[in-house]
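Here is the file upload01.cif (mmCIF, C-alpha atoms).
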```cif
data_final
loop_
_atom_site.label_atom_id
_atom_site.label_comp_id
_atom_site.auth_asym_id
_atom_site.auth_seq_id
_atom_site.Cartn_x
_atom_site.Cartn_y
_atom_site.Cartn_z
CA MET A 1 157.61 -0.75 1.60
CA PRO A 2 154.96 -3.45 1.03
CA ALA A 3 156.08 -7.00 1.85
CA ILE A 4 153.01 -8.72 0.45
CA GLY A 5 154.50 -11.58 -1.58
CA GLY A 6 155.00 -14.07 1.25
CA ARG A 7 157.82 -15.22 3.50
CA HIS A 8 159.75 -16.81 0.63
CA GLN A 9 160.38 -13.34 -0.80
CA PHE A 10 161.63 -11.66 2.38
CA ALA A 11 165.32 -12.54 2.07
CA HIS A 12 165.45 -11.19 -1.49
CA PHE A 13 164.85 -7.58 -0.47
CA LEU A 14 164.31 -6.98 3.27
CA PRO A 15 168.07 -7.06 4.05
CA VAL A 16 168.41 -4.06 1.72
CA ALA A 17 165.67 -2.25 3.64
CA PHE A 18 167.51 -3.03 6.89
CA GLU A 19 170.74 -1.69 5.40
CA LEU A 20 169.07 1.53 4.23
CA GLN A 21 167.67 1.98 7.73
CA ARG A 22 171.10 1.34 9.28
CA ARG A 23 172.78 3.83 6.97
CA GLY A 24 170.23 6.48 7.88
CA THR A 25 169.19 6.97 4.27
CA PHE A 26 165.51 6.37 4.90
CA ASP A 27 163.18 5.93 7.83
CA VAL A 28 161.91 2.54 6.72
CA THR A 29 158.38 1.23 7.30
CA ILE A 30 157.57 -2.35 6.26
CA PHE A 31 153.92 -3.14 5.51
CA VAL A 32 152.89 -6.79 5.90
CA PRO A 33 149.47 -8.36 5.24
CA ASP A 34 149.68 -10.89 8.06
CA ALA A 35 150.62 -10.24 11.70
CA ASP A 36 152.17 -13.73 11.81
CA GLU A 37 154.91 -12.50 9.45
CA VAL A 38 156.15 -9.83 11.86
CA ALA A 39 158.19 -12.32 13.88
CA ASP A 40 159.90 -13.60 10.70
CA ILE A 41 161.04 -10.09 9.86
CA GLU A 42 162.19 -9.41 13.41
CA ASN A 43 164.16 -12.67 13.48
CA MET A 44 165.81 -11.92 10.14
CA ALA A 45 166.93 -8.46 11.22
CA THR A 46 168.30 -9.83 14.50
CA ALA A 47 170.13 -12.72 12.80
CA LEU A 48 171.79 -10.34 10.34
CA GLY A 49 172.68 -7.80 13.04
CA TYR A 50 170.50 -4.97 11.76
CA PRO A 51 168.27 -2.46 13.57
CA LEU A 52 164.60 -3.24 13.12
CA PRO A 53 162.51 -0.85 11.00
CA THR A 54 158.91 -0.01 11.82
CA ILE A 55 156.51 -2.81 10.86
CA VAL A 56 152.83 -2.18 10.15
CA THR A 57 150.19 -4.86 9.62
CA MET A 58 147.89 -4.05 6.70
CA ASP A 59 144.62 -4.91 8.40
CA LEU A 60 141.43 -4.72 6.38
CA PRO A 61 138.19 -3.17 7.65
CA THR A 62 136.14 -5.98 9.16
CA PRO A 63 133.37 -6.18 6.53
CA LEU A 64 135.88 -6.10 3.66
CA GLY A 65 138.15 -8.59 5.37
CA ARG A 66 135.32 -11.09 5.59
CA ARG A 67 134.23 -10.67 1.98
CA ALA A 68 137.47 -10.31 0.01
CA PRO A 69 138.23 -13.49 -2.00
CA ARG A 70 141.63 -15.01 -1.25
CA LYS A 71 142.86 -14.27 -4.78
CA LEU A 72 142.09 -10.57 -4.31
CA ASP A 73 143.49 -10.26 -0.79
CA LYS A 74 146.74 -8.54 -1.76
CA LEU A 75 144.99 -6.12 -4.09
CA ALA A 76 142.43 -5.25 -1.42
CA ARG A 77 145.14 -4.49 1.13
CA LEU A 78 147.09 -2.37 -1.33
CA LEU A 79 143.99 -0.34 -2.16
CA VAL A 80 143.08 0.20 1.50
CA TRP A 81 146.64 1.14 2.46
CA ALA A 82 147.65 2.94 -0.75
CA ARG A 83 147.43 6.42 0.72
CA ARG A 84 149.68 5.53 3.67
CA ILE A 85 152.23 3.66 1.54
CA ARG A 86 152.35 6.36 -1.16
CA ALA A 87 152.95 9.05 1.46
CA GLY A 88 156.63 8.03 1.59
CA ASN A 89 159.53 9.17 -0.58
CA ALA A 90 160.14 5.77 -2.15
CA ILE A 91 158.56 2.31 -2.33
CA LEU A 92 160.66 -0.87 -2.41
CA CYS A 93 159.07 -4.22 -3.29
CA ALA A 94 159.98 -7.74 -4.40
CA GLU A 95 156.78 -8.54 -6.30
CA ARG A 96 154.95 -6.80 -9.12
CA THR A 97 151.44 -6.62 -7.71
CA SER A 98 152.55 -3.40 -6.02
CA THR A 99 152.73 -1.69 -9.40
CA LEU A 100 149.03 -1.08 -8.74
CA LEU A 101 150.20 1.80 -6.55
CA LYS A 102 151.75 3.45 -9.62
CA ARG A 103 148.57 3.07 -11.65
CA LEU A 104 146.21 4.65 -9.13
CA PRO A 105 145.36 8.35 -9.59
CA GLY A 106 147.29 10.89 -7.57
CA ARG A 107 150.85 11.21 -6.37
CA CYS A 108 153.04 8.12 -6.19
CA PRO A 109 156.71 8.18 -5.19
CA LYS A 110 159.39 6.27 -7.07
CA ILE A 111 158.92 2.51 -6.96
CA VAL A 112 162.07 0.37 -6.77
CA HIS A 113 161.94 -3.34 -7.54
CA ILE A 114 164.25 -6.12 -6.39
CA PRO A 115 162.93 -9.29 -8.09
CA HIS A 116 162.63 -12.38 -5.90
CA GLY A 117 164.99 -14.82 -7.57
CA ALA A 118 167.13 -15.06 -10.68
CA GLY A 119 165.28 -17.70 -12.67
CA ASP A 120 164.91 -18.10 -16.42
CA ARG A 121 161.15 -18.35 -16.90
CA ALA A 122 159.36 -15.74 -19.02
CA VAL A 123 157.10 -14.77 -16.11
CA GLY A 124 160.15 -13.13 -14.55
CA PHE A 125 160.36 -10.72 -17.46
CA GLU A 126 156.85 -9.36 -17.90
CA LYS A 127 155.21 -6.06 -18.84
CA ARG A 128 154.76 -4.68 -15.33
CA PHE A 129 158.51 -3.97 -15.15
CA ARG A 130 157.71 -0.83 -17.15
CA TYR A 131 155.99 0.68 -14.11
CA PHE A 132 159.10 0.62 -11.95
CA ASP A 133 161.29 3.68 -11.70
CA TYR A 134 164.33 1.58 -10.85
CA VAL A 135 165.10 -2.16 -10.88
CA VAL A 136 167.94 -3.85 -8.99
CA VAL A 137 168.57 -7.38 -10.25
CA ALA A 138 170.92 -10.08 -9.00
CA GLY A 139 173.08 -10.28 -12.12
CA GLN A 140 173.79 -9.27 -15.70
CA LYS A 141 171.81 -12.23 -17.07
CA ASP A 142 168.52 -10.69 -15.95
CA ARG A 143 169.57 -7.13 -16.71
CA GLN A 144 170.45 -7.95 -20.30
CA ARG A 145 167.18 -9.81 -20.86
CA LEU A 146 165.12 -6.94 -19.44
CA LEU A 147 166.96 -4.51 -21.71
CA ALA A 148 166.62 -6.75 -24.75
CA GLU A 149 162.87 -7.06 -24.22
CA GLY A 150 162.47 -3.30 -23.83
CA LEU A 151 161.19 -3.52 -20.28
CA VAL A 152 163.76 -1.16 -18.72
CA ASN A 153 166.18 1.53 -19.84
CA GLU A 154 169.95 1.37 -19.30
CA ASP A 155 169.85 4.07 -16.64
CA ARG A 156 167.12 2.51 -14.50
CA CYS A 157 168.33 -1.04 -14.07
CA ALA A 158 171.50 -2.28 -12.39
CA ALA A 159 172.93 -5.49 -10.97
CA SER A 160 173.84 -5.61 -7.28
CA GLY A 161 174.61 -9.28 -6.78
CA PRO A 162 172.30 -11.78 -5.01
CA VAL A 163 170.82 -10.22 -1.87
CA LYS A 164 169.21 -13.41 -0.57
CA ILE A 165 172.37 -15.46 -1.08
CA SER A 166 174.45 -12.86 0.72
CA ALA A 167 172.02 -12.83 3.65
CA SER A 168 171.76 -16.62 3.77
CA LEU A 169 175.52 -17.14 3.69
CA ARG A 170 175.92 -14.82 6.64
CA ARG A 171 173.49 -17.00 8.56
CA HIS A 172 174.99 -20.30 7.38
CA ALA A 173 178.76 -19.98 7.75
CA GLN A 174 178.99 -23.72 7.15
CA ALA A 175 176.83 -25.83 4.88
CA PRO A 176 174.15 -27.35 7.15
CA ARG A 177 174.42 -31.05 7.87
CA LEU A 178 171.03 -32.51 7.00
CA PHE A 179 171.47 -36.15 8.05
CA ASP A 180 173.53 -38.06 10.60
CA ASN A 181 175.21 -40.21 7.98
CA ASP A 182 177.60 -39.73 5.07
CA ARG A 183 175.30 -40.70 2.21
CA PRO A 184 175.10 -38.11 -0.61
CA VAL A 185 172.07 -35.86 -0.19
CA ILE A 186 169.58 -35.35 -3.03
CA LEU A 187 167.39 -32.24 -2.97
CA TYR A 188 164.14 -32.45 -4.93
CA ASN A 189 162.76 -28.95 -5.50
CA PRO A 190 159.79 -28.98 -7.89
CA HIS A 191 158.04 -25.78 -8.91
CA PHE A 192 154.46 -24.97 -7.90
CA SER A 193 153.01 -24.32 -11.36
CA GLU A 194 150.78 -27.21 -12.43
CA LYS A 195 151.75 -26.67 -16.07
CA LEU A 196 155.48 -26.82 -15.40
CA SER A 197 156.01 -28.78 -12.20
CA SER A 198 157.17 -32.39 -12.11
CA ALA A 199 155.72 -32.89 -8.61
CA ASP A 200 152.64 -34.93 -9.51
CA SER A 201 154.44 -37.31 -11.84
CA PHE A 202 157.79 -37.72 -10.09
CA THR A 203 157.64 -37.13 -6.31
CA CYS A 204 156.42 -40.56 -5.25
CA ARG A 205 158.61 -42.40 -7.76
CA LEU A 206 161.69 -40.56 -6.46
CA ILE A 207 160.88 -41.17 -2.80
CA GLU A 208 160.18 -44.85 -3.33
CA ALA A 209 163.36 -45.34 -5.37
CA VAL A 210 165.64 -43.65 -2.82
CA ALA A 211 163.93 -45.18 0.22
CA GLY A 212 164.24 -48.65 -1.34
CA ASP A 213 167.97 -48.22 -1.90
CA ASP A 214 170.75 -47.64 0.62
CA ARG A 215 172.97 -45.21 -1.31
CA TYR A 216 171.35 -41.80 -0.87
CA ASN A 217 169.50 -39.45 1.45
CA LEU A 218 166.65 -37.34 0.08
CA VAL A 219 165.07 -34.00 0.90
CA VAL A 220 161.75 -33.25 -0.80
CA ALA A 221 161.34 -29.47 -0.47
CA PRO A 222 159.13 -28.04 -3.21
CA HIS A 223 158.48 -24.36 -3.76
CA VAL A 224 156.48 -23.21 -0.72
CA ARG A 225 153.49 -22.33 -2.89
CA LEU A 226 153.07 -25.91 -4.12
CA ALA A 227 151.32 -27.15 -0.96
CA GLN A 228 150.00 -23.77 0.17
CA ASN A 229 146.37 -24.65 -0.54
CA TRP A 230 146.51 -28.39 0.17
CA ASP A 231 144.17 -29.76 2.82
CA ASP A 232 145.51 -31.62 5.85
CA ALA A 233 144.78 -35.03 4.36
CA ARG A 234 146.86 -34.38 1.25
CA ARG A 235 149.74 -33.00 3.29
CA LYS A 236 149.73 -35.93 5.69
CA THR A 237 149.68 -38.44 2.83
CA LEU A 238 152.93 -37.08 1.41
CA GLU A 239 154.56 -36.39 4.77
CA ALA A 240 153.89 -40.01 5.75
CA MET A 241 156.45 -41.03 3.10
CA ALA A 242 159.28 -39.50 5.16
CA VAL A 243 161.84 -41.99 6.47
CA THR A 244 163.69 -41.16 9.68
CA GLY A 245 167.35 -40.54 8.95
CA ARG A 246 166.87 -41.02 5.19
CA VAL A 247 164.04 -38.96 3.68
CA ILE A 248 162.89 -35.47 4.77
CA ILE A 249 159.57 -34.11 3.47
CA ASP A 250 159.34 -30.33 3.95
CA LEU A 251 156.26 -28.62 2.53
CA GLY A 252 157.07 -25.08 3.58
CA SER A 253 159.11 -24.62 6.75
CA CYS A 254 161.66 -21.82 7.05
CA ARG A 255 164.37 -24.33 6.08
CA SER A 256 162.80 -24.64 2.63
CA ILE A 257 163.36 -20.93 1.92
CA ASP A 258 166.56 -19.99 3.77
CA MET A 259 169.00 -22.05 1.64
CA THR A 260 169.43 -24.75 4.29
CA TYR A 261 168.73 -27.40 1.68
CA THR A 262 170.39 -25.79 -1.33
CA LEU A 263 173.59 -25.37 0.67
CA GLY A 264 173.46 -28.82 2.28
CA ALA A 265 172.66 -31.06 -0.69
CA ASP A 266 174.98 -32.83 -3.12
CA LEU A 267 172.57 -33.19 -6.07
CA TYR A 268 169.79 -30.86 -7.19
CA VAL A 269 166.73 -32.45 -8.83
CA GLY A 270 164.04 -30.10 -10.12
CA ASP A 271 162.27 -28.59 -13.08
CA VAL A 272 162.04 -24.78 -13.47
CA SER A 273 162.59 -23.31 -9.99
CA SER A 274 165.03 -20.42 -9.68
CA GLN A 275 166.43 -22.06 -6.53
CA VAL A 276 168.83 -23.94 -8.78
CA TYR A 277 170.86 -20.72 -8.96
CA GLU A 278 171.07 -20.67 -5.17
CA PHE A 279 172.33 -24.26 -5.34
CA LEU A 280 175.01 -23.25 -7.87
CA VAL A 281 176.72 -20.91 -5.42
CA GLN A 282 178.85 -24.04 -5.34
CA PRO A 283 178.65 -25.94 -8.68
CA ARG A 284 177.35 -29.45 -8.07
CA PRO A 285 175.45 -32.10 -10.05
CA CYS A 286 171.95 -31.24 -11.32
CA LEU A 287 169.11 -33.25 -12.83
CA PHE A 288 165.98 -31.82 -14.49
CA VAL A 289 162.62 -33.55 -14.98
CA ASN A 290 160.80 -32.70 -18.21
CA SER A 291 157.28 -33.65 -17.18
CA HIS A 292 155.46 -31.46 -19.70
CA ASP A 293 157.24 -32.37 -22.95
CA ALA A 294 158.91 -28.98 -23.18
CA LYS A 295 160.82 -28.15 -26.34
CA TRP A 296 163.57 -26.71 -24.23
CA ASN A 297 166.67 -26.70 -26.44
CA GLY A 298 167.48 -23.11 -27.41
CA ASN A 299 164.61 -21.77 -25.29
CA ALA A 300 165.76 -19.02 -22.90
CA ASP A 301 163.01 -19.99 -20.44
CA TYR A 302 164.81 -23.31 -19.91
CA ALA A 303 168.41 -22.08 -19.92
CA MET A 304 168.97 -23.75 -16.54
CA TRP A 305 168.49 -27.17 -18.17
CA GLN A 306 171.99 -26.75 -19.60
CA PHE A 307 173.30 -27.49 -16.09
CA GLY A 308 172.65 -31.23 -16.06
CA ASP A 309 170.90 -34.20 -17.65
CA VAL A 310 167.23 -33.78 -18.60
CA ILE A 311 165.07 -36.83 -17.91
CA GLN A 312 161.48 -38.01 -18.30
CA PRO A 313 159.37 -38.79 -15.20
CA ASP A 314 159.14 -42.50 -16.11
CA CYS A 315 162.91 -42.98 -16.32
CA ASP A 316 164.98 -45.39 -14.24
CA VAL A 317 165.32 -43.06 -11.24
CA LEU A 318 168.39 -44.55 -9.59
CA ASP A 319 170.21 -44.86 -12.89
CA ALA A 320 169.47 -41.20 -13.67
CA ILE A 321 170.82 -40.15 -10.27
CA GLY A 322 174.00 -42.15 -10.77
CA GLN A 323 174.47 -40.67 -14.25
CA ALA A 324 173.95 -37.12 -12.87
CA PHE A 325 176.88 -37.52 -10.49
CA GLN A 326 178.99 -39.13 -13.20
CA HIS A 327 178.23 -36.49 -15.83
CA HIS A 328 178.81 -33.42 -13.65
CA PRO A 329 182.24 -32.54 -15.14
CA ARG A 330 180.51 -32.14 -18.50
CA PHE A 331 178.23 -29.42 -17.11
CA LYS A 332 180.41 -27.69 -14.52
CA GLY A 333 181.75 -25.02 -16.90
CA ALA A 334 178.24 -23.99 -17.98
CA GLN A 335 177.11 -23.95 -14.35
CA MET A 336 179.93 -21.61 -13.33
CA ALA A 337 179.53 -19.26 -16.29
CA ARG A 338 175.75 -19.00 -15.95
CA ALA A 339 175.89 -18.66 -12.15
CA GLN A 340 178.30 -15.74 -12.48
CA ALA A 341 176.02 -14.11 -15.06
CA ALA A 342 173.01 -14.61 -12.80
CA LEU A 343 174.70 -13.69 -9.51
CA ASP A 344 176.86 -10.63 -9.98
CA GLY A 345 180.18 -10.72 -8.11
CA LEU A 346 180.11 -14.46 -7.40
CA ASP A 347 183.52 -16.07 -7.72
CA TRP A 348 185.50 -19.02 -6.38
CA ASN A 349 188.96 -19.18 -4.89
CA GLU A 350 191.69 -21.68 -5.79
CA ASP A 351 190.11 -24.26 -3.49
CA GLY A 352 186.76 -23.90 -5.23
CA GLU A 353 185.17 -22.08 -2.32
CA ALA A 354 182.56 -19.40 -3.06
CA GLN A 355 183.32 -15.75 -2.49
CA PHE A 356 182.18 -12.34 -3.71
CA SER A 357 184.74 -10.47 -5.77
CA ALA A 358 182.93 -7.15 -5.24
CA ALA A 359 181.39 -5.54 -2.18
CA ASP A 360 178.59 -7.32 -0.42
CA PRO A 361 175.39 -7.43 -2.57
CA ILE A 362 173.23 -6.02 0.24
CA ALA A 363 175.42 -2.92 0.52
CA ARG A 364 175.67 -2.62 -3.27
CA ALA A 365 171.89 -2.72 -3.63
CA ALA A 366 171.48 -0.06 -0.94
CA VAL A 367 173.97 2.25 -2.68
CA LEU A 368 172.28 1.76 -6.06
CA ILE A 369 168.92 2.70 -4.53
CA GLU A 370 170.44 5.74 -2.83
CA LYS A 371 171.89 6.90 -6.14
CA SER A 372 168.59 6.35 -7.93
CA MET A 373 166.98 8.58 -5.30
CA LYS A 374 169.79 11.16 -5.61
CA VAL A 375 171.00 10.41 -2.07
CA ASP A 376 174.78 10.71 -1.90
CA HIS A 377 176.17 7.93 0.26
CA ALA A 378 179.48 6.23 -0.49
CA MET A 379 179.90 2.50 -0.86
CA PRO A 380 181.34 1.22 2.43
CA ALA A 381 184.86 -0.10 1.95
CA SER A 382 184.71 -2.30 5.02
CA GLY A 383 182.53 -3.15 7.97
CA ARG A 384 179.72 -5.59 8.58
CA ALA A 385 177.58 -4.58 5.61
CA ALA A 386 180.28 -4.98 2.99
CA ILE A 387 182.23 -8.09 3.94
CA PRO A 388 182.93 -10.35 0.95
CA LEU A 389 183.07 -14.08 1.48
CA GLN A 390 186.62 -15.05 2.28
CA SER A 391 188.37 -18.40 1.93
CA GLY A 392 186.97 -20.80 4.49
CA ASP A 393 183.78 -18.81 5.18
CA LEU A 394 181.68 -21.31 3.30
CA SER A 395 182.33 -25.01 2.96
CA PHE A 396 180.35 -27.86 1.43
CA ARG A 397 180.01 -31.52 2.20
#
```
The structure in this file should be written as structure tokens.
Amino acid sequence: MPAIGGRHQFAHFLPVAFELQRRGTFDVTIFVPDADEVADIENMATALGYPLPTIVTMDLPTPLGRRAPRKLDKLARLLVWARRIRAGNAILCAERTSTLLKRLPGRCPKIVHIPHGAGDRAVGFEKRFRYFDYVVVAGQKDRQRLLAEGLVNEDRCAASGPVKISASLRRHAQAPRLFDNDRPVILYNPHFSEKLSSADSFTCRLIEAVAGDDRYNLVVAPHVRLAQNWDDARRKTLEAMAVTGRVIIDLGSCRSIDMTYTLGADLYVGDVSSQVYEFLVQPRPCLFVNSHDAKWNGNADYAMWQFGDVIQPDCDVLDAIGQAFQHHPRFKGAQMARAQAALDGLDWNEDGEAQFSAADPIARAAVLIEKSMKVDHAMPASGRAAIPLQSGDLSFR
């Protein structure tokens, strides 16, 4: 299985590969483009209590490695390693660049796709879905849209529940405490796309407003791809705006992708990132920045903007934050309904604590893949890989 999309995609599908290895269904080999990513995979398997599959680094021949443009790096590695990857009985991936393997001449095994995230943007529902033999999505929201757009057939797409959320909740039994004080925590999570992101127009205004007031803490943790190609000077300029004990600036650490911030914050501020659905494991106030004059009402690509107030970048920042907390009851019902549609099996007990009403999403995804490959393994009724969240397993500040 190629893991070429970056560290931020690992938790969306690697736990399923670990589970398949544990169940003895497949002898799993994970192909990574960068040797530095091996330790991340090893740490994830260990933290979740899984045996480690074989990991292979997709090195390029020296001349090609020196010449391949950065934008073509993933394609080059897939082409060089295609024969080895396609020698297996199945291919599992979280991105869609790997559909290249299906389009090359010669034999290709079934390709199974677990999309990385459950967002609403159109890019998550594009033509390359047609190349997959089977698709396992997080919830019925995405399944119904893929069916409606003719990208999959009924019998080759199913919802397992949110794999990343299941894995992250195992690792974070309690919501992480982000600051050593009791101020409400704001998470600002802008997207990386220049056309859609509010980062350029809103980041500094938000930091300055919160830092100049004594009511809130702030975490600025954009999508990891936002600052991926920034030079050191640009990074240091933004990171210098951090305030000890008040403002965290995180431009791509593991905490920005493992739900540390989405579990630990009290208010989500963003634009179009799918991480809002991770935040809504527990419904809480949301605020969305319309920095590109989007005509969002009735647009499925902006369905998440029904979860809170939508503001302009030049608004009164502190007033908007106060209103977001005040207005949350107005949006809570929509948050819960949409979160359940996006994250199959998610439910809440009488105390409002999150739990899964069905078997664990990682185990469910593994069983769905086994069935798609005609491997007859039963859904585990109990045990480590199928433990639903119980009352008290997850708490929030």
Practice prompt. Could you check which of A:Leu343, A:Asn229, A:Glu278, A:Trp296 is closest to Lys71 in chain A, using all atoms listed in the file?
Written response: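 Distance minimum relative to Lys71 in chain A lands on A:Asn229.
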Worksheet item: Mind pulling up the distance from CA of Ala39 in chain A to CA of Val80 in chain A?
Response: 23.2 Å
Worksheet item: Written as an MDAnalysis selection string, which residues does the PyMOL selection byres ((chain A and resi 104) around 12) give for the file shown?
Response: chainID A and resid 75 78:80 82:83 86 98:103 105:109 131
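Each of A:Ala363, A:Ile114, A:Leu251, A:Leu287 was checked against His328 in chain A using all atoms listed in the file; the smallest atom-to-atom distance is that of A:Leu287.
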Could you produce a table of the residues of range 24-46 of chain A lying within 9 Å of range 5-10 of chain A, with the nearest pair of atoms per residue and their separation in Å rounded to one decimal, using only C-alpha atoms, ordered by chain and increasing residue number, as a Markdown table?
```
| residue | atom | partner | partner_atom | distance |
| --- | --- | --- | --- | --- |
| A:Val32 | CA | A:Gly6 | CA | 8.9 |
| A:Pro33 | CA | A:Gly6 | CA | 8.9 |
| A:Glu37 | CA | A:Arg7 | CA | 7.2 |
| A:Asp40 | CA | A:Arg7 | CA | 7.7 |
| A:Ile41 | CA | A:Phe10 | CA | 7.7 |
| A:Met44 | CA | A:Phe10 | CA | 8.8 |
```
